[in-house]
>>> print(open('target-v1.csv').read())   # CSV, C-alpha atoms
chain,number,residue,atom,x,y,z
F,1,MET,CA,16.7,-27.6,-11.1
F,2,SER,CA,18.9,-25.1,-9.2
F,3,GLU,CA,19.6,-21.7,-10.8
F,4,ASP,CA,21.6,-18.7,-9.5
F,5,PHE,CA,20.0,-15.3,-9.6
F,6,THR,CA,20.3,-11.8,-8.2
F,7,ALA,CA,18.5,-10.5,-5.1
F,8,TYR,CA,18.7,-7.6,-2.7
F,9,VAL,CA,19.5,-9.2,0.6
F,10,ILE,CA,19.1,-7.6,4.1
F,11,GLU,CA,21.4,-9.2,6.7
F,12,ARG,CA,22.1,-8.7,10.4
F,13,ASP,CA,25.2,-9.3,12.5
F,14,GLU,CA,23.7,-11.2,15.4
F,15,THR,CA,26.5,-10.0,17.7
F,16,THR,CA,26.3,-6.3,17.0
F,17,LYS,CA,22.7,-6.3,15.8
F,18,GLU,CA,23.8,-4.1,12.9
F,19,GLN,CA,21.9,-4.4,9.7
F,20,SER,CA,23.4,-4.3,6.2
F,21,ALA,CA,22.0,-4.8,2.7
F,22,SER,CA,23.4,-5.4,-0.8
F,23,TRP,CA,22.7,-7.1,-4.1
F,24,LYS,CA,23.9,-10.7,-4.0
F,25,SER,CA,23.9,-13.8,-6.1
F,26,VAL,CA,21.7,-16.5,-4.5
F,27,SER,CA,20.3,-19.8,-5.6
F,28,THR,CA,16.7,-21.0,-6.2
F,29,ASP,CA,17.7,-23.6,-3.6
F,30,ASP,CA,17.8,-20.7,-1.0
F,31,LEU,CA,14.2,-19.7,-1.6
F,32,PRO,CA,11.8,-20.2,1.3
F,33,GLU,CA,9.2,-22.9,1.3
F,34,GLY,CA,6.1,-22.5,-0.9
F,35,ASP,CA,3.9,-24.2,-3.5
F,36,VAL,CA,4.6,-21.8,-6.3
F,37,THR,CA,7.8,-20.4,-7.8
F,38,ILE,CA,7.6,-17.1,-9.7
F,39,ARG,CA,9.8,-15.4,-12.1
F,40,VAL,CA,9.4,-11.8,-10.8
F,41,ARG,CA,8.9,-9.3,-13.6
F,42,HIS,CA,7.8,-6.2,-11.7
F,43,THR,CA,7.7,-4.9,-8.1
F,44,THR,CA,7.5,-1.6,-6.3
F,45,MET,CA,8.5,0.2,-3.1
F,46,ASN,CA,6.1,0.7,-0.3
F,47,TYR,CA,6.6,2.6,3.0
F,48,LYS,CA,7.2,-0.7,4.7
F,49,ASP,CA,9.8,-1.7,2.2
F,50,ALA,CA,11.6,1.6,2.8
F,51,LEU,CA,11.5,1.1,6.5
F,52,ALA,CA,13.0,-2.4,6.1
F,53,ILE,CA,15.8,-1.1,3.8
F,54,THR,CA,16.8,1.9,6.0
F,55,ASN,CA,16.2,0.0,9.3
F,56,LYS,CA,14.2,3.0,10.5
F,57,SER,CA,11.8,0.6,12.1
F,58,PRO,CA,12.2,-3.1,13.0
F,59,VAL,CA,10.1,-4.3,10.1
F,60,VAL,CA,12.3,-7.3,9.2
F,61,ARG,CA,11.8,-10.2,11.7
F,62,ARG,CA,13.8,-12.9,10.0
F,63,PHE,CA,17.3,-12.7,8.5
F,64,PRO,CA,18.5,-12.9,5.8
F,65,MET,CA,15.6,-11.2,4.1
F,66,VAL,CA,14.7,-10.1,0.6
F,67,PRO,CA,12.3,-7.1,0.8
F,68,GLY,CA,9.5,-6.2,-1.7
F,69,ILE,CA,6.0,-6.9,-0.5
F,70,ASP,CA,4.4,-6.6,-4.0
F,71,ILE,CA,5.1,-9.0,-6.8
F,72,ALA,CA,3.9,-9.5,-10.4
F,73,GLY,CA,5.3,-12.2,-12.5
F,74,GLU,CA,4.7,-15.6,-14.1
F,75,VAL,CA,4.7,-19.1,-12.6
F,76,VAL,CA,7.7,-21.2,-13.5
F,77,ALA,CA,7.0,-24.1,-11.1
F,78,SER,CA,4.0,-25.2,-9.2
F,79,ASP,CA,2.8,-27.9,-6.8
F,80,SER,CA,-0.6,-26.3,-6.5
F,81,PRO,CA,-3.6,-27.3,-8.6
F,82,ASP,CA,-4.7,-23.7,-8.7
F,83,TYR,CA,-1.6,-22.4,-10.7
F,84,ALA,CA,0.1,-23.8,-13.8
F,85,VAL,CA,3.4,-22.9,-15.3
F,86,GLY,CA,3.0,-19.7,-17.4
F,87,ASP,CA,0.1,-18.3,-15.3
F,88,GLU,CA,0.5,-14.6,-14.6
F,89,VAL,CA,0.1,-13.8,-10.9
F,90,ILE,CA,0.2,-11.0,-8.4
F,91,MET,CA,0.9,-11.0,-4.6
F,92,ASN,CA,0.5,-8.4,-1.9
F,93,GLY,CA,1.2,-8.6,1.8
F,94,TRP,CA,1.1,-11.8,3.9
F,95,GLY,CA,4.2,-10.8,5.8
F,96,VAL,CA,6.4,-11.0,2.7
F,97,GLY,CA,9.5,-8.8,3.1
F,98,GLU,CA,9.2,-9.3,6.9
F,99,VAL,CA,9.3,-13.0,7.5
F,100,HIS,CA,9.3,-14.4,4.0
F,101,TRP,CA,11.5,-13.4,1.0
F,102,GLY,CA,9.9,-10.9,-1.3
F,103,GLY,CA,10.1,-9.4,-4.8
F,104,TYR,CA,13.5,-7.6,-4.9
F,105,ALA,CA,14.9,-10.6,-6.8
F,106,GLN,CA,14.5,-12.4,-10.1
F,107,TYR,CA,12.7,-15.3,-8.4
F,108,ALA,CA,10.3,-15.7,-5.5
F,109,ARG,CA,8.5,-18.7,-4.0
F,110,MET,CA,5.1,-18.2,-2.4
F,111,LYS,CA,2.3,-20.2,-0.8
F,112,ALA,CA,-0.5,-20.7,-3.4
F,113,ASP,CA,-3.0,-19.1,-1.0
F,114,TRP,CA,-1.2,-15.8,-1.1
F,115,LEU,CA,-1.5,-15.4,-4.8
F,116,LEU,CA,-4.1,-14.1,-7.2
F,117,LYS,CA,-4.4,-14.4,-10.9
F,118,LYS,CA,-3.5,-11.2,-12.6
F,119,PRO,CA,-6.6,-9.2,-13.5
F,120,ALA,CA,-7.1,-9.6,-17.3
F,121,GLY,CA,-7.6,-5.9,-17.8
F,122,LEU,CA,-4.3,-4.9,-16.1
F,123,SER,CA,-0.7,-5.5,-17.0
F,124,GLY,CA,1.8,-6.7,-14.5
F,125,ALA,CA,3.4,-3.2,-14.5
F,126,ASP,CA,-0.1,-1.8,-13.9
F,127,CYS,CA,-0.6,-4.1,-10.9
F,128,MET,CA,2.7,-3.0,-9.4
F,129,ALA,CA,1.8,0.7,-10.1
F,130,ILE,CA,-1.3,0.0,-8.1
F,131,GLY,CA,0.4,-2.3,-5.6
F,132,THR,CA,-0.4,-2.6,-1.9
F,133,ALA,CA,-1.2,1.2,-1.9
F,134,GLY,CA,-3.9,1.0,-4.5
F,135,TYR,CA,-5.2,-2.3,-3.3
F,136,THR,CA,-5.5,-0.8,0.2
F,137,ALA,CA,-7.2,2.2,-1.2
F,138,ALA,CA,-9.7,-0.1,-2.9
F,139,LEU,CA,-10.3,-1.9,0.3
F,140,CYS,CA,-11.1,1.4,2.0
F,141,VAL,CA,-13.5,2.4,-0.8
F,142,LEU,CA,-15.2,-0.9,-0.5
F,143,ARG,CA,-15.6,-0.4,3.2
F,144,LEU,CA,-17.3,2.9,2.7
F,145,GLN,CA,-19.6,1.4,0.1
F,146,GLN,CA,-20.5,-1.5,2.4
F,147,ALA,CA,-21.2,0.9,5.2
F,148,GLY,CA,-23.8,2.6,2.9
F,149,VAL,CA,-21.9,5.8,2.1
F,150,GLU,CA,-23.2,7.0,-1.3
F,151,PRO,CA,-21.9,9.8,-3.6
F,152,GLY,CA,-24.9,12.0,-2.8
F,153,ASP,CA,-24.3,11.9,0.9
F,154,GLY,CA,-21.6,14.5,0.8
F,155,THR,CA,-17.8,15.1,0.5
F,156,ILE,CA,-15.3,12.3,1.2
F,157,LEU,CA,-12.0,13.5,2.8
F,158,VAL,CA,-8.8,11.8,1.9
F,159,THR,CA,-5.8,12.4,4.2
F,160,GLY,CA,-2.2,11.8,3.2
F,161,ALA,CA,-3.5,12.7,-0.2
F,162,SER,CA,-0.3,12.9,-2.2
F,163,GLY,CA,0.9,9.5,-1.0
F,164,GLY,CA,0.2,6.2,-2.7
F,165,VAL,CA,-3.0,5.2,-0.7
F,166,GLY,CA,-4.3,8.8,-0.9
F,167,SER,CA,-3.7,9.2,-4.6
F,168,PHE,CA,-5.5,6.0,-5.5
F,169,ALA,CA,-8.4,6.7,-3.1
F,170,ILE,CA,-9.0,10.1,-4.7
F,171,SER,CA,-9.0,8.6,-8.2
F,172,LEU,CA,-11.2,5.7,-7.3
F,173,LEU,CA,-13.7,7.8,-5.4
F,174,SER,CA,-13.9,10.4,-8.1
F,175,SER,CA,-14.4,7.7,-10.8
F,176,LEU,CA,-17.3,6.4,-8.7
F,177,GLY,CA,-19.0,9.8,-8.6
F,178,TYR,CA,-18.0,10.9,-5.1
F,179,THR,CA,-16.9,14.5,-4.3
F,180,VAL,CA,-13.4,14.4,-2.8
F,181,ALA,CA,-11.5,16.7,-0.6
F,182,ALA,CA,-7.7,16.1,-0.4
F,183,SER,CA,-5.7,16.9,2.7
F,184,THR,CA,-2.0,17.7,2.0
F,185,GLY,CA,0.8,19.8,3.4
F,186,ARG,CA,2.4,20.3,0.0
F,187,VAL,CA,0.6,23.2,-1.7
F,188,GLU,CA,2.6,22.5,-4.9
F,189,GLU,CA,0.7,19.2,-5.2
F,190,GLU,CA,-2.7,20.9,-5.8
F,191,PRO,CA,-2.6,20.5,-9.6
F,192,TYR,CA,-1.7,16.9,-9.3
F,193,LEU,CA,-4.4,16.1,-6.7
F,194,LYS,CA,-7.0,18.0,-8.8
F,195,SER,CA,-6.0,16.0,-11.9
F,196,LEU,CA,-6.8,12.8,-9.9
F,197,GLY,CA,-10.3,14.2,-9.2
F,198,ALA,CA,-10.1,16.2,-5.9
F,199,THR,CA,-12.3,19.2,-6.0
F,200,GLU,CA,-11.1,20.8,-2.7
F,201,ILE,CA,-7.7,21.0,-1.1
F,202,VAL,CA,-7.5,21.0,2.7
F,203,ASP,CA,-4.3,22.3,4.4
F,204,ARG,CA,-2.9,19.5,6.5
F,205,LYS,CA,-2.1,21.9,9.3
F,206,THR,CA,-5.9,22.3,10.0
F,207,LEU,CA,-6.0,18.6,10.9
F,208,SER,CA,-2.6,17.9,12.4
F,209,GLU,CA,-3.0,20.0,15.6
F,210,LYS,CA,-5.2,19.4,18.6
F,211,GLY,CA,-8.8,20.2,17.9
F,212,ARG,CA,-12.3,20.0,19.4
F,213,PRO,CA,-13.9,16.7,20.4
F,214,LEU,CA,-16.8,17.8,18.1
F,215,ASP,CA,-16.3,20.2,15.2
F,216,LYS,CA,-18.4,21.4,12.3
F,217,GLU,CA,-20.0,18.6,10.3
F,218,LEU,CA,-18.2,18.6,7.0
F,219,TYR,CA,-17.7,15.1,5.6
F,220,ALA,CA,-19.8,12.1,4.9
F,221,GLY,CA,-16.8,9.8,4.9
F,222,ALA,CA,-13.1,9.6,4.9
F,223,VAL,CA,-10.1,7.5,3.9
F,224,ASP,CA,-7.3,8.1,6.5
F,225,SER,CA,-3.8,6.8,6.3
F,226,VAL,CA,-2.3,9.2,8.8
F,227,GLY,CA,-3.8,8.3,12.2
F,228,SER,CA,-3.1,10.2,15.5
F,229,THR,CA,-4.3,13.8,15.9
F,230,THR,CA,-5.2,14.0,12.2
F,231,LEU,CA,-7.6,11.1,12.5
F,232,ALA,CA,-9.1,12.5,15.7
F,233,ASN,CA,-9.9,15.8,13.9
F,234,VAL,CA,-11.3,13.9,11.0
F,235,ILE,CA,-13.6,12.0,13.3
F,236,ALA,CA,-14.7,15.3,14.9
F,237,ARG,CA,-15.7,16.7,11.5
F,238,MET,CA,-17.8,13.8,10.3
F,239,LYS,CA,-21.5,14.3,9.5
F,240,TYR,CA,-24.1,12.3,11.2
F,241,ASP,CA,-23.6,8.6,10.4
F,242,GLY,CA,-20.3,9.4,8.7
F,243,VAL,CA,-17.8,6.6,8.1
F,244,ILE,CA,-14.0,6.7,8.2
F,245,ALA,CA,-11.9,3.9,6.7
F,246,ALA,CA,-8.7,4.0,8.6
F,247,CYS,CA,-5.6,2.1,7.2
F,248,GLY,CA,-2.5,3.9,8.3
F,249,LEU,CA,-0.4,5.6,11.0
F,250,ALA,CA,1.9,8.0,9.2
F,251,GLN,CA,1.5,10.6,11.9
F,252,GLY,CA,1.4,8.1,14.8
F,253,PHE,CA,-0.5,5.2,16.2
F,254,ASP,CA,-2.2,7.1,19.1
F,255,LEU,CA,-5.8,8.4,18.8
F,256,PRO,CA,-6.5,11.4,21.0
F,257,THR,CA,-10.3,11.6,20.7
F,258,THR,CA,-13.4,11.1,22.8
F,259,VAL,CA,-16.5,8.9,22.4
F,260,MET,CA,-18.6,12.0,21.6
F,261,PRO,CA,-18.6,11.7,17.8
F,262,PHE,CA,-19.5,8.1,18.1
F,263,ILE,CA,-22.4,8.4,20.5
F,264,LEU,CA,-23.8,11.8,19.4
F,265,ARG,CA,-23.4,11.6,15.7
F,266,GLY,CA,-23.3,7.8,15.1
F,267,VAL,CA,-19.8,8.0,13.5
F,268,THR,CA,-18.2,4.7,12.4
F,269,LEU,CA,-14.5,4.2,12.5
F,270,ALA,CA,-13.8,1.2,10.3
F,271,GLY,CA,-10.4,-0.4,10.4
F,272,VAL,CA,-8.9,-1.7,7.1
F,273,ASP,CA,-6.2,-4.3,7.0
F,274,SER,CA,-4.5,-5.2,3.7
F,275,VAL,CA,-1.9,-7.7,4.9
F,276,MET,CA,-4.0,-10.6,6.0
F,277,ALA,CA,-7.3,-9.8,4.1
F,278,PRO,CA,-9.0,-13.0,2.9
F,279,LYS,CA,-8.9,-13.9,-0.7
F,280,ALA,CA,-12.5,-13.0,-1.5
F,281,ARG,CA,-12.0,-9.5,-0.2
F,282,ARG,CA,-8.7,-9.1,-2.2
F,283,GLU,CA,-10.5,-10.3,-5.4
F,284,ALA,CA,-13.2,-7.7,-4.8
F,285,ALA,CA,-10.7,-4.9,-4.4
F,286,TRP,CA,-8.8,-5.9,-7.5
F,287,SER,CA,-12.1,-6.1,-9.5
F,288,LEU,CA,-12.9,-2.6,-8.3
F,289,LEU,CA,-9.5,-1.4,-9.5
F,290,GLU,CA,-9.7,-3.2,-12.8
F,291,GLU,CA,-13.1,-1.7,-13.6
F,292,HIS,CA,-12.8,1.8,-12.1
F,293,MET,CA,-9.2,2.8,-12.0
F,294,ASP,CA,-8.7,5.6,-14.4
F,295,ARG,CA,-5.8,4.6,-16.6
F,296,ALA,CA,-4.8,8.2,-17.2
F,297,ALA,CA,-4.7,8.8,-13.5
F,298,LEU,CA,-2.7,5.7,-13.1
F,299,GLY,CA,-0.1,7.2,-15.4
F,300,GLU,CA,-0.1,10.4,-13.3
F,301,ILE,CA,0.4,8.5,-10.1
F,302,THR,CA,3.2,6.3,-11.4
F,303,GLN,CA,6.9,6.7,-12.2
F,304,GLU,CA,9.4,4.2,-13.2
F,305,ALA,CA,12.7,3.7,-11.3
F,306,ASP,CA,15.7,1.4,-11.5
F,307,ILE,CA,15.5,-1.4,-8.9
F,308,LYS,CA,19.3,-1.2,-8.4
F,309,ASP,CA,18.7,2.2,-6.8
F,310,VAL,CA,16.5,1.0,-3.9
F,311,ALA,CA,19.0,2.0,-1.2
F,312,GLU,CA,19.0,5.6,-2.5
F,313,ILE,CA,15.2,5.7,-3.0
F,314,ALA,CA,14.1,4.3,0.3
F,315,PRO,CA,15.1,7.3,2.5
F,316,LYS,CA,13.5,9.7,0.0
F,317,LEU,CA,10.2,7.8,0.2
F,318,ILE,CA,10.3,7.9,4.0
F,319,ALA,CA,11.0,11.7,3.9
F,320,GLY,CA,7.9,12.2,1.7
F,321,GLN,CA,9.9,13.3,-1.3
F,322,ILE,CA,8.4,10.8,-3.7
F,323,ARG,CA,4.9,11.4,-5.2
F,324,GLY,CA,2.6,8.5,-5.9
F,325,ARG,CA,4.0,5.1,-6.9
F,326,LEU,CA,7.3,3.7,-8.2
F,327,VAL,CA,7.5,0.7,-10.6
F,328,PHE,CA,10.6,-1.5,-10.9
F,329,THR,CA,11.2,-3.8,-13.8
F,330,VAL,CA,13.1,-6.9,-12.7
F,331,ASP,CA,15.4,-8.0,-15.6
>>> encode(input="target-v1.csv", output="structure tokens")
Amino acid sequence: MSEDFTAYVIERDETTKEQSASWKSVSTDDLPEGDVTIRVRHTTMNYKDALAITNKSPVVRRFPMVPGIDIAGEVVASDSPDYAVGDEVIMNGWGVGEVHWGGYAQYARMKADWLLKKPAGLSGADCMAIGTAGYTAALCVLRLQQAGVEPGDGTILVTGASGGVGSFAISLLSSLGYTVAASTGRVEEEPYLKSLGATEIVDRKTLSEKGRPLDKELYAGAVDSVGSTTLANVIARMKYDGVIAACGLAQGFDLPTTVMPFILRGVTLAGVDSVMAPKARREAAWSLLEEHMDRAALGEITQEADIKDVAEIAPKLIAGQIRGRLVFTVD
């Protein structure tokens, strides 16, 4: 049965290549192919969503496009034996918001393989407060654990600490008993970062400029969402057998380092991808979040916003003017 609904649609003039976006009325008949149709209840804004909306980077690869790479809602129609009408589900990644319509709409249609049942201990709003940022942070923490990094081994450094991934990484690591150092360029965020569990604040400037191939051994592990020179300096400051879970490139995608930390200290650089991670890994990450995410910290990390304001919010997020996570309720 066809139904009209509201969606935030990004379009492109194929002659001028200019991009525009607006709230429009569309039909469920317009939804892309998929096994499961979802009534979206909550979504959020990630850095990639902001890039898509502002066209600061060619994130969108198919037009028209509805952004919103995180979704929480309930199933309203299903051709999959894994999901029934009324099931509460969540979705992160899988190229949604880039090549497949996302969550800035009242309805979405997804492939069943992309979905997870909502964790019982979290609400839909909680899951969107966590979103891809928190889920990615959980994947990073799991990577450190799987590599054998234990709380007694030493301090874990988190770069990009006041951002979404960094905030969740600090909270999760702290709740698991790790000692956490938080790197930020915003001194005013120190009380916030310490409320999440950081015991030390590292000035971003000490990591963002060219350093030595090998520096003083300070950290047993790290969660890095910055890349470039920052990641190179993090690698140089790892203890023997230190492990870095790298998941972002906020500073850049280059990596000006040498092989010395890897062959002289046995340092491991472990890449973490959240977009195409297999289901079992996703379930493990969400289980970690359900069990160990401090609910008070989640409240500190999260703020609610009006989804109608996404065009105004996106450039602020890119400029680093938004702390933590935003949650949108989709009426």
>>> closest_residue(input="target-v1.csv", among="F:Thr258, F:Asn233, F:Thr44, F:Thr268", to="F:Ala220", atoms="all atoms listed in the file")
F:Thr268
>>> atom_distance(input="target-v1.csv", atom1="atom CA of F:Ala311", atom2="atom CA of F:Tyr192")
26.8 Å
>>> atom_distance(input="target-v1.csv", atom1="atom CA of F:Gly164", atom2="atom CA of F:Leu51")
15.4 Å
>>> closest_residue(input="target-v1.csv", among="F:Leu142, F:Ile318, F:Val275, F:Ala161", to="F:Val243", atoms="all atoms listed in the file")
F:Leu142
>>> residues_around(input="target-v1.csv", residues="F:Glu190", least_positions_apart="4", cutoff="12 Å", atoms="all atoms listed in the file", output="JSON, numbers by chain")
{"F": [161, 162, 167, 181, 182, 183, 184, 185, 186, 194, 195, 196, 197, 198, 199, 200, 201, 202, 203]}
>>> closest_residue(input="target-v1.csv", among="F:Asp35, F:Arg61, F:Asp49, F:Gln106", to="F:Ser78", atoms="all atoms listed in the file")
F:Asp35
>>> atom_distance(input="target-v1.csv", atom1="atom CA of F:Ile301", atom2="atom CA of F:Asp113")
29.3 Å
>>> closest_residue(input="target-v1.csv", among="F:Glu209, F:Glu3, F:Glu290, F:Glu300", to="F:Ala120", atoms="all atoms listed in the file")
F:Glu290
>>> closest_residue(input="target-v1.csv", among="F:Arg204, F:Arg281, F:Lys216, F:Arg62", to="F:Arg12", atoms="all atoms listed in the file")
F:Arg62
>>> residues_around(input="target-v1.csv", residues="F:Cys247", least_positions_apart="2", cutoff="10 Å", atoms="all atoms listed in the file", output="number ranges by chain")
F: 136-137, 139-140, 165, 223-227, 244-245, 249-250, 270-274
>>> residues_around(input="target-v1.csv", residues="F:Leu214", least_positions_apart="3", cutoff="10 Å", atoms="only C-alpha atoms", output="ChimeraX atom specification")
/F:211,217,232-238,257-261,264-265
>>> residues_around(input="target-v1.csv", residues="F:Phe63", least_positions_apart="4", cutoff="12 Å", atoms="only C-alpha atoms", output="ChimeraX atom specification")
/F:9-14,17-21,32,52,58-59,67,97-101
>>> closest_residue(input="target-v1.csv", among="F:Ile38, F:Val26, F:Val60, F:Val180", to="F:Gly103", atoms="all atoms listed in the file")
F:Ile38
>>> axis_aligned_box(input="target-v1.csv", around="stretch 174-187 of chain F", padding_each_side="3 Å", output="AutoDock Vina command-line options")
--center_x -8.3 --center_y 14.8 --center_z -3.7 --size_x 27.4 --size_y 22.8 --size_z 20.2
>>> residues_near_point(input="target-v1.csv", point="(-20.2, 12.8, 0.5)", cutoff="12 Å", atoms="only C-alpha atoms", output="PyMOL selection string")
chain F and resi 144-145+148-158+173-174+176-181+217-223+238-244
>>> decode(input="target-v1.csv", residues="stretch 222-231 of chain F", atoms="all heavy atoms", output="CSV table (one decimal), in the first residue's frame")
chain,number,residue,atom,x,y,z
F,222,ALA,N,45.9,2.7,21.8
F,222,ALA,CA,45.3,4.0,21.4
F,222,ALA,C,44.1,3.7,20.5
F,222,ALA,O,44.0,2.6,19.8
F,222,ALA,CB,46.3,4.9,20.6
F,223,VAL,N,43.2,4.6,20.6
F,223,VAL,CA,42.1,4.7,19.6
F,223,VAL,C,42.2,6.0,18.9
F,223,VAL,O,42.1,7.1,19.5
F,223,VAL,CB,40.7,4.6,20.3
F,223,VAL,CG1,39.6,4.8,19.3
F,223,VAL,CG2,40.5,3.3,21.0
F,224,ASP,N,42.4,5.9,17.5
F,224,ASP,CA,42.7,7.1,16.8
F,224,ASP,C,41.7,7.3,15.7
F,224,ASP,O,41.4,6.4,14.9
F,224,ASP,CB,44.1,7.0,16.1
F,224,ASP,CG,44.3,8.2,15.2
F,224,ASP,OD1,44.5,9.3,15.8
F,224,ASP,OD2,44.3,8.1,14.0
F,225,SER,N,41.1,8.5,15.7
F,225,SER,CA,40.1,8.8,14.6
F,225,SER,C,40.6,10.0,13.8
F,225,SER,O,39.8,10.7,13.1
F,225,SER,CB,38.7,9.2,15.3
F,225,SER,OG,38.9,10.2,16.2
F,226,VAL,N,41.9,10.3,14.0
F,226,VAL,CA,42.4,11.6,13.4
F,226,VAL,C,43.3,11.3,12.1
F,226,VAL,O,43.2,12.0,11.1
F,226,VAL,CB,43.2,12.4,14.4
F,226,VAL,CG1,43.8,13.6,13.8
F,226,VAL,CG2,42.3,12.7,15.6
F,227,GLY,N,44.2,10.3,12.2
F,227,GLY,CA,45.0,10.0,11.1
F,227,GLY,C,46.2,10.9,11.0
F,227,GLY,O,46.5,11.7,11.9
F,228,SER,N,46.9,10.9,9.8
F,228,SER,CA,47.9,11.8,9.4
F,228,SER,C,49.0,11.9,10.5
F,228,SER,O,49.4,10.9,11.0
F,228,SER,CB,47.3,13.2,9.1
F,228,SER,OG,48.3,14.0,8.4
F,229,THR,N,49.5,13.2,10.7
F,229,THR,CA,50.7,13.4,11.6
F,229,THR,C,50.3,13.0,13.0
F,229,THR,O,51.2,12.5,13.7
F,229,THR,CB,51.1,14.9,11.5
F,229,THR,OG1,51.4,15.2,10.2
F,229,THR,CG2,52.3,15.1,12.4
F,230,THR,N,49.1,13.2,13.4
F,230,THR,CA,48.7,12.8,14.7
F,230,THR,C,48.9,11.3,14.9
F,230,THR,O,49.5,10.8,15.9
F,230,THR,CB,47.2,13.2,15.0
F,230,THR,OG1,47.1,14.6,15.0
F,230,THR,CG2,46.7,12.6,16.3
F,231,LEU,N,48.4,10.5,14.0
F,231,LEU,CA,48.6,9.0,14.1
F,231,LEU,C,50.0,8.7,14.1
F,231,LEU,O,50.5,7.8,14.8
F,231,LEU,CB,47.8,8.3,13.0
F,231,LEU,CG,47.9,6.8,12.9
F,231,LEU,CD1,47.6,6.2,14.3
F,231,LEU,CD2,47.1,6.2,11.8
